[in-house]
Amino acid sequence: MTSSTPAARPRYAVVLLTVLWVVTSLALLWWCFTLGMEGWADHHSNGGGRAAEIGRRSARALLLLAAAAAGGPAVIALVAFGCRYPRTALVYLFLAVVIAAALTPAVADAARTLRPPAAPVPAPTTCQEHSGGDNRCPGG
């Protein structure tokens with residue numbers, strides 16, 4: 001074996017992780033696009049009958065896309081730091097921060113979409129006297 005083979009392995013790991021990150025991000029982006037087209041078709045043919053379901057599915061897809069898009073460069077940066085490629089690691093770390101900052105509003109909106117609605121405030125169950133000398137409970 002040559003002496004350059006062991007040194008090339010970490011480089012291949014960074015390249016392989018980069019390719020995996022790009023392919024995963026593109027696949028999730030395509031999934032978000034298809035969900036958008038499904039929502040558009042539902043709006044025009046069914047009058048938006050499945051809008052809530054499609055909205056929840058697209059919110060989940062967007063959260064997965066954000067995790068992959070920002071998490072991928074962060075993982076690659078860790079591997080690059082471990083392989084002693086400090087400039088490469090800093091580039092990927094910068095990329096992770098920029099992508100995370102750009103996707104923060106969309107992630108917040110998707111999280112609001114997936115959060116269950118607040119429980120309605122229950123009606124009072126105690127009897128309160130009303131003015132006018134009547135001490136019956138309202139409603140019976």
# chains A, B, ... in the order shown; residues from 1 in each chain; ligands from 1
call {"tool": "residues_around", "arguments": {"residues": "region 21-25 of chain A", "least_positions_apart": "5", "cutoff": "10 Å", "atoms": "only C-alpha atoms", "output": "list of chain:residue names"}}
result
A:Val15, A:Leu16, A:Trp30, A:Trp31, A:Leu64, A:Leu65, A:Ala66, A:Ala67, A:Ala68, A:Ala69, A:Ala70, A:Gly71, A:Gly72, A:Pro73, A:Val75, A:Ile76
call {"tool": "select_by_dssp", "arguments": {"residues": "chain A", "states": "helix (DSSP H, G or I)", "output": "VMD selection string"}}
result
chain A and resid 4 to 45 51 to 82 86 to 114
call {"tool": "residues_around", "arguments": {"residues": "Ala59 (chain A)", "least_positions_apart": "6", "cutoff": "9 Å", "atoms": "only C-alpha atoms", "output": "number ranges by chain"}}
result
A: 32, 106-107, 109-111, 113-114
call {"tool": "atom_distance", "arguments": {"atom1": "CA of Gly49 (chain A)", "atom2": "CA of Phe33 (chain A)"}}
result
19.4 Å
call {"tool": "closest_residue", "arguments": {"among": "A:Arg50, A:Val79, A:Pro116, A:Leu26", "to": "Arg9 (chain A)", "atoms": "only C-alpha atoms"}}
result
A:Val79
